[in-house]
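These notes concern the structure reproduced below.
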Amino acid sequence: MSDESEVLLQAKQEFQAPANIIANAAISEAGYEKLYAESIADPEKFWAKIASEELHWHKKWDTVLEWNYPDYKWFSGGELNITYNCLDRHIAGGKENTLAYIYTNEEGKEERITYGELLKKVNKFANGLKEMGVVKGDRITVYMPLTIEQIVAILACARIGAIHSVVYAGFSASALRLRIEESQSKVIICSAYTKRRGKIILLKSVVDEAVDGLVYVEKIIVHQREEKFELVEKEVDYYDFIIDQSDEMTAEPMDAEQPLFILYTSGTTGKPKGVLHTTGGYNLFTHYTTRLAFDLKPDDIYWCTADTGWVTGHSYIVYGPLSNGATSLIFEGAPDFPDPGVWWGLIEKYKVTKFYTAPTAVRLFMKYGEAWPAKYDLSSLKILGSVGEPINPEAWLWYYKNIGRNNCVVIDTWWQTETGGHMILSLPACKQKPGRAGRPFFGVETDVVNKNGESLPANTVGLLVIKKPWPSALRTCYNDAPRFQQYWTEMKGFYFAGDLATKDEDGFIMILGRSDDVLNVSGHRIGTAEVESALVSCESIAEAAVIGKPHEIKGQSIKAFVILRQGVVPSETLLQTVKNHVRNELGAIGMPDEIEFVDKLPKTRSGKIMRRVLKAKELGTEIGDVSTLED
Ligand code: WTA
């Protein structure tokens, strides 16, 4: 692109999707506004209609929403089976031979599985679990890498009403043990190992350590992969234990409020919380958001780069795409191994049309430079999604230009483990504003409020709340109802998301980061994300993390930890340049008092920077729970 068009691109505040996307999209800009207004005027009527249109119900519900504050139930009296919606109904609809997943890994191994084959595998596995004595409501911990075997295990649990608790296969033995203990899982399903960056990472030995002495763990099902080894005591082989099982099984109708899964996620304090989701509302919401956010079409190849160990994998690799009968690519590997072109090579090879990743990945690729994606044909791409943290306008534009080649739409999606699915996003045919997550999804009433829960005027920083329950809202924290109640009691009866946000005149919401990371410098509120965004917009910087430090006069001062782009050498002059840059972007109040050049930032395994850890180190205080730390 010429320098001139680059400048024009940077200056643009609003983007429209290419004409062919707008022309064929399920929801237009005007359609969004109309349907949103309807969905808020009467959410129960809205969701009842969508639920009848989009899902198969074995029995229709009696009540759409029962709200006994702070508890709520959706589709009470209704019965469905999420795996019926994900598998059987597509086969009944003639999609038996449609691919559900294309699996590939670092070594280029490939496995393809159709909806017909997937159902048979799930049935066999579910029959095996039943024979093992697993009954509805039992908890099963899954500790496996992203493989077809893992997805089969997850779906088999759901098919018989066992509650899965997937633990990211990078967690340590003690973190895994904690999650097994909290959920009192009687069965563990694990893989022997995974391969990452060419190295074998043993998983089974982590499980051995984690379950040591846990008498209630009755069975450990081991996916052995290439090498077989001798299994002892409670252990059974993933394939052997189902060898004689039938590949047929009728999907048993489940109560709409039957618990589907627990997913442990970190809070600001204490042990991780076991966020619990149930069947009906979750199926509906993830189905509908997947369909609309990615504007799914029958010939799409969809790729979400998340791991199934996180909520994004649950909702947008497993349940949402399957419920829609989509074909997904899954990749067991790192984004930059054997080289930073690996993802782009996969997009070229499989002609991926819809792609969903995290800003941290985008910034990683920015660091490697645009020459890498430029080597590949990415012309199949249509929609590029972002999730997990605020996507700063520079990363948005880089993604738009270097991956989307100015011919795709970039959609941002804000949501949380607790929300089950997308809450705020920019639907593909609607206008997009780089750096702003977008507008609320149908039936979701959001607001930005002050500490007293009062609505704030446009462009004022406040707390993000959701005013009423939505179908895929967490139902509780497993065995910890008080922690669940906190979400709804902290902020005047609204759901308290814990994020800072602003809303502009068009209703576009910008997420500024967690409210616990807010800085107050000389009485000015500054989101750490704002400063970081300013820092990474500096051409010599790849990544940045900002913390607040107590300051005698200003209240807080700002310290920035900065990773430089490859080839950039730290110097006193550079330090000044960076400071001036931030001053120009944000004003003097946002300018870091201190900047430290570092090689690495502490991150959770899902890629979030742990500012808490930086802060504790800087201030010499207790670091607290670091079980989610990457290294
Ligand atoms: C952050 C991940 C800005 C936010 C799906 C939220 C985001 C937390 C975005 C939830 C986004 C997620 N823009 N921030 N598009 N998406 N977040 O539970 O702070 O792992 O509260 O769910 O991530 O993280 P979680």
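Following the order of the structure tokens, first chain is A, next is B, and so on, with residues numbered from 1 inside each chain and ligands from 1 in the order they appear.
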*Selection as a ChimeraX atom specification: residues within 9 Å of ligand 1 by only C-alpha atoms and all ligand atoms*: /A:265-266,310-312,358-359,386-391,411-422,424-425,435-438,497-500,510-515,606,608
_Near-Glu618 of chain A list (12 Å; only C-alpha atoms; drop same-chain fewer than 6 positions) as a list of chain:residue names_ =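 My list of contacting residues is A:Val546, A:Ile547, A:Gly548, A:Lys549, A:Pro550, A:Ile558, A:Lys559, A:Ala560, A:Phe561, A:Glu594, A:Glu596, A:Arg611, A:Arg612.
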Save out the residues we just selected, N, CA and C atoms, as a PDB file, in the first residue's frame.
```
ATOM      1  N   VAL A 546       1.108  -2.079  31.634  1.00  0.00           N
ATOM      2  CA  VAL A 546       1.205  -0.895  32.473  1.00  0.00           C
ATOM      3  C   VAL A 546       0.612  -1.183  33.846  1.00  0.00           C
ATOM      4  N   ILE A 547       1.281  -0.695  34.865  1.00  0.00           N
ATOM      5  CA  ILE A 547       0.732  -0.828  36.218  1.00  0.00           C
ATOM      6  C   ILE A 547       0.744   0.535  36.906  1.00  0.00           C
ATOM      7  N   GLY A 548      -0.036   0.623  37.965  1.00  0.00           N
ATOM      8  CA  GLY A 548      -0.021   1.840  38.766  1.00  0.00           C
ATOM      9  C   GLY A 548       0.838   1.623  40.002  1.00  0.00           C
ATOM     10  N   LYS A 549       1.622   2.643  40.363  1.00  0.00           N
ATOM     11  CA  LYS A 549       2.437   2.565  41.587  1.00  0.00           C
ATOM     12  C   LYS A 549       2.025   3.712  42.503  1.00  0.00           C
ATOM     13  N   PRO A 550       1.991   3.446  43.799  1.00  0.00           N
ATOM     14  CA  PRO A 550       1.614   4.531  44.711  1.00  0.00           C
ATOM     15  C   PRO A 550       2.567   5.717  44.550  1.00  0.00           C
ATOM     16  N   ILE A 558       2.573   5.963  36.772  1.00  0.00           N
ATOM     17  CA  ILE A 558       2.449   4.882  35.788  1.00  0.00           C
ATOM     18  C   ILE A 558       3.810   4.284  35.476  1.00  0.00           C
ATOM     19  N   LYS A 559       3.866   2.969  35.578  1.00  0.00           N
ATOM     20  CA  LYS A 559       5.078   2.297  35.128  1.00  0.00           C
ATOM     21  C   LYS A 559       4.733   1.383  33.961  1.00  0.00           C
ATOM     22  N   ALA A 560       5.540   1.453  32.926  1.00  0.00           N
ATOM     23  CA  ALA A 560       5.289   0.627  31.743  1.00  0.00           C
ATOM     24  C   ALA A 560       6.413  -0.373  31.549  1.00  0.00           C
ATOM     25  N   PHE A 561       6.031  -1.591  31.248  1.00  0.00           N
ATOM     26  CA  PHE A 561       6.987  -2.631  30.859  1.00  0.00           C
ATOM     27  C   PHE A 561       6.792  -2.841  29.365  1.00  0.00           C
ATOM     28  N   GLU A 594       7.762   5.874  34.408  1.00  0.00           N
ATOM     29  CA  GLU A 594       8.911   4.968  34.254  1.00  0.00           C
ATOM     30  C   GLU A 594       8.635   4.012  33.112  1.00  0.00           C
ATOM     31  N   GLU A 596      10.366   0.451  31.505  1.00  0.00           N
ATOM     32  CA  GLU A 596      11.410  -0.573  31.598  1.00  0.00           C
ATOM     33  C   GLU A 596      11.316  -1.464  30.368  1.00  0.00           C
ATOM     34  N   ARG A 611      -0.891  -8.201  34.934  1.00  0.00           N
ATOM     35  CA  ARG A 611      -0.324  -6.968  35.499  1.00  0.00           C
ATOM     36  C   ARG A 611      -0.119  -7.096  36.998  1.00  0.00           C
ATOM     37  N   ARG A 612      -1.018  -7.888  37.590  1.00  0.00           N
ATOM     38  CA  ARG A 612      -0.944  -8.160  39.023  1.00  0.00           C
ATOM     39  C   ARG A 612       0.447  -8.676  39.416  1.00  0.00           C
TER      40      ARG A 612
END
```
*Extract, using only C-alpha atoms, all DNA, RNA and protein residues at most 7 Å from Lys204 of chain A, discarding same-chain residues fewer than 4 positions from it, and format them as a count of residues only.*
5
*asked:* Based on the backbone DSSP call, show me all residues of segment 118-359 of chain A assigned alpha helix (DSSP H), as a PyMOL selection string.
replied: chain A and resi 118-131+148-160+173-183+204-211+279-293+311-313+320-323+342-350+359
*asked:* Quick one: residues within 12 Å of Trp396 of chain A, only C-alpha atoms, excluding same-chain residues fewer than 6 positions away - as a PyMOL selection string?
replied: chain A and resi 9-10+12-15+357-363+366+384-387+390+402-404+406+408-412+432-437+533+536-537
*asked:* Given only C-alpha atoms as the basis, pick out the residue of A:Val448, A:Ile262, A:Ile148, A:Leu99 nearest to Ile180 of chain A.
replied: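 Among A:Val448, A:Ile262, A:Ile148, A:Leu99, it is A:Ile262 that comes nearest to Ile180 of chain A.
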*Could you give me the residues within segment 137-305 of chain A that DSSP places in strand (DSSP E), as a VMD selection string?*
chain A and resid 139 to 143 163 to 166 187 to 191 193 to 196 199 to 202 219 to 223 235 to 237 254 to 255 259 to 265 273 to 278 301 to 304
_Using only C-alpha atoms: which of A:Tyr101, A:Phe75, A:Ala25, A:His314 has the shortest distance to Arg291 of chain A_ =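 Of the candidates, the smallest distance to Arg291 of chain A is held by A:Ala25.
The closest residue to Asn24 of chain A, picked from A:Gly624, A:Gly170, A:Gly116, A:Pro428 and counting only C-alpha atoms, is A:Pro428.
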_Need to verify the contact set: Thr114 of chain A, 9 Å, only C-alpha atoms, exclusion of same-chain residues closer than 3 positions in sequence. Can you return it as a PyMOL selection string?_
chain A and resi 95-102+117-119+327
*For Lys45 of chain A, list every protein, DNA or RNA residue within 12 Å, evaluated using only C-alpha atoms, and leave out those in the same chain fewer than 3 positions away; present the list as a ChimeraX atom specification.*
/A:35,38-42,48-52,63-65,75,443
Taking N, CA, C and O atoms for each residue, export the selection above as a PDB file, in the first residue's frame.
```
ATOM      1  N   LEU A  35     -34.161  -5.193  14.996  1.00  0.00           N
ATOM      2  CA  LEU A  35     -34.266  -6.426  15.778  1.00  0.00           C
ATOM      3  C   LEU A  35     -33.783  -6.208  17.208  1.00  0.00           C
ATOM      4  O   LEU A  35     -34.323  -6.779  18.157  1.00  0.00           O
ATOM      5  N   GLU A  38     -36.537  -4.615  19.163  1.00  0.00           N
ATOM      6  CA  GLU A  38     -37.569  -5.620  19.474  1.00  0.00           C
ATOM      7  C   GLU A  38     -37.119  -6.553  20.592  1.00  0.00           C
ATOM      8  O   GLU A  38     -37.882  -6.885  21.491  1.00  0.00           O
ATOM      9  N   SER A  39     -35.851  -6.961  20.520  1.00  0.00           N
ATOM     10  CA  SER A  39     -35.348  -7.941  21.489  1.00  0.00           C
ATOM     11  C   SER A  39     -35.293  -7.353  22.896  1.00  0.00           C
ATOM     12  O   SER A  39     -35.382  -8.073  23.881  1.00  0.00           O
ATOM     13  N   ILE A  40     -35.140  -6.043  22.987  1.00  0.00           N
ATOM     14  CA  ILE A  40     -35.062  -5.401  24.301  1.00  0.00           C
ATOM     15  C   ILE A  40     -36.458  -5.057  24.816  1.00  0.00           C
ATOM     16  O   ILE A  40     -36.742  -5.152  26.003  1.00  0.00           O
ATOM     17  N   ALA A  41     -37.333  -4.719  23.878  1.00  0.00           N
ATOM     18  CA  ALA A  41     -38.706  -4.398  24.283  1.00  0.00           C
ATOM     19  C   ALA A  41     -39.381  -5.620  24.911  1.00  0.00           C
ATOM     20  O   ALA A  41     -40.104  -5.513  25.890  1.00  0.00           O
ATOM     21  N   ASP A  42     -39.123  -6.792  24.340  1.00  0.00           N
ATOM     22  CA  ASP A  42     -39.733  -8.003  24.886  1.00  0.00           C
ATOM     23  C   ASP A  42     -38.782  -9.199  24.703  1.00  0.00           C
ATOM     24  O   ASP A  42     -38.943 -10.014  23.802  1.00  0.00           O
ATOM     25  N   ALA A  48     -38.044 -16.715  22.716  1.00  0.00           N
ATOM     26  CA  ALA A  48     -38.943 -17.846  22.434  1.00  0.00           C
ATOM     27  C   ALA A  48     -38.987 -18.109  20.924  1.00  0.00           C
ATOM     28  O   ALA A  48     -38.910 -19.254  20.480  1.00  0.00           O
ATOM     29  N   LYS A  49     -39.050 -17.026  20.164  1.00  0.00           N
ATOM     30  CA  LYS A  49     -39.110 -17.172  18.704  1.00  0.00           C
ATOM     31  C   LYS A  49     -37.807 -17.784  18.177  1.00  0.00           C
ATOM     32  O   LYS A  49     -37.815 -18.736  17.397  1.00  0.00           O
ATOM     33  N   ILE A  50     -36.675 -17.224  18.633  1.00  0.00           N
ATOM     34  CA  ILE A  50     -35.380 -17.731  18.151  1.00  0.00           C
ATOM     35  C   ILE A  50     -35.186 -19.191  18.578  1.00  0.00           C
ATOM     36  O   ILE A  50     -34.700 -20.023  17.809  1.00  0.00           O
ATOM     37  N   ALA A  51     -35.590 -19.494  19.818  1.00  0.00           N
ATOM     38  CA  ALA A  51     -35.424 -20.871  20.309  1.00  0.00           C
ATOM     39  C   ALA A  51     -36.224 -21.859  19.469  1.00  0.00           C
ATOM     40  O   ALA A  51     -35.750 -22.960  19.181  1.00  0.00           O
ATOM     41  N   SER A  52     -37.440 -21.483  19.068  1.00  0.00           N
ATOM     42  CA  SER A  52     -38.222 -22.416  18.233  1.00  0.00           C
ATOM     43  C   SER A  52     -37.632 -22.524  16.839  1.00  0.00           C
ATOM     44  O   SER A  52     -37.640 -23.594  16.250  1.00  0.00           O
ATOM     45  N   THR A  63     -42.019 -21.982  30.604  1.00  0.00           N
ATOM     46  CA  THR A  63     -41.755 -20.550  30.817  1.00  0.00           C
ATOM     47  C   THR A  63     -40.434 -20.197  30.138  1.00  0.00           C
ATOM     48  O   THR A  63     -39.472 -20.954  30.253  1.00  0.00           O
ATOM     49  N   VAL A  64     -40.389 -19.041  29.488  1.00  0.00           N
ATOM     50  CA  VAL A  64     -39.139 -18.653  28.835  1.00  0.00           C
ATOM     51  C   VAL A  64     -38.105 -18.255  29.898  1.00  0.00           C
ATOM     52  O   VAL A  64     -37.014 -18.790  29.950  1.00  0.00           O
ATOM     53  N   LEU A  65     -38.467 -17.312  30.747  1.00  0.00           N
ATOM     54  CA  LEU A  65     -37.535 -16.877  31.797  1.00  0.00           C
ATOM     55  C   LEU A  65     -38.238 -16.853  33.145  1.00  0.00           C
ATOM     56  O   LEU A  65     -39.302 -16.259  33.288  1.00  0.00           O
ATOM     57  N   PHE A  75     -36.160 -21.342  29.797  1.00  0.00           N
ATOM     58  CA  PHE A  75     -36.853 -22.443  29.115  1.00  0.00           C
ATOM     59  C   PHE A  75     -37.209 -23.589  30.076  1.00  0.00           C
ATOM     60  O   PHE A  75     -37.070 -24.770  29.745  1.00  0.00           O
ATOM     61  N   GLY A 443     -31.068  -8.943  22.691  1.00  0.00           N
ATOM     62  CA  GLY A 443     -31.536  -9.378  24.006  1.00  0.00           C
ATOM     63  C   GLY A 443     -30.598  -9.035  25.146  1.00  0.00           C
ATOM     64  O   GLY A 443     -30.864  -9.390  26.288  1.00  0.00           O
TER      65      GLY A 443
END
```
_I want to know what sits within 12 Å of Lys297 of chain A, based on only C-alpha atoms, with residues of the same chain fewer than 4 positions away left out; could you give that as a list in words?_
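Listing them by chain and then by number gives Ile21, Asn24, Ala25, Ala26, Thr290, Arg291, Leu292, Ala293, Ile301, Tyr302, Pro321, Asn324, Gly325, Ala326, Thr327, Thr353, Lys354, Lys382 and Ile383 of chain A.
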*If you measure from atom CA of Tyr69 of chain A to atom CA of Leu474 of chain A, what distance in Å do you get, rounded to one decimal?*
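Rounded to one decimal, the two atoms are 13.6 Å apart.
Comparing the minimum interatomic distances between Ser472 of chain A and each of A:Leu260, A:Ile541, A:Ile160, A:Ala173, counting only C-alpha atoms, we find that A:Leu260 sits nearest.
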*asked:* Nearest residue to Lys375 of chain A out of A:Leu456, A:Pro340, A:Phe261, A:Pro393, using only C-alpha atoms?
replied: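 Closest to Lys375 of chain A of all the choices is A:Pro340.
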*Separation of atom CA of Asp212 of chain A from atom CA of Lys234 of chain A, in Å and rounded to one decimal*: 11.7 Å
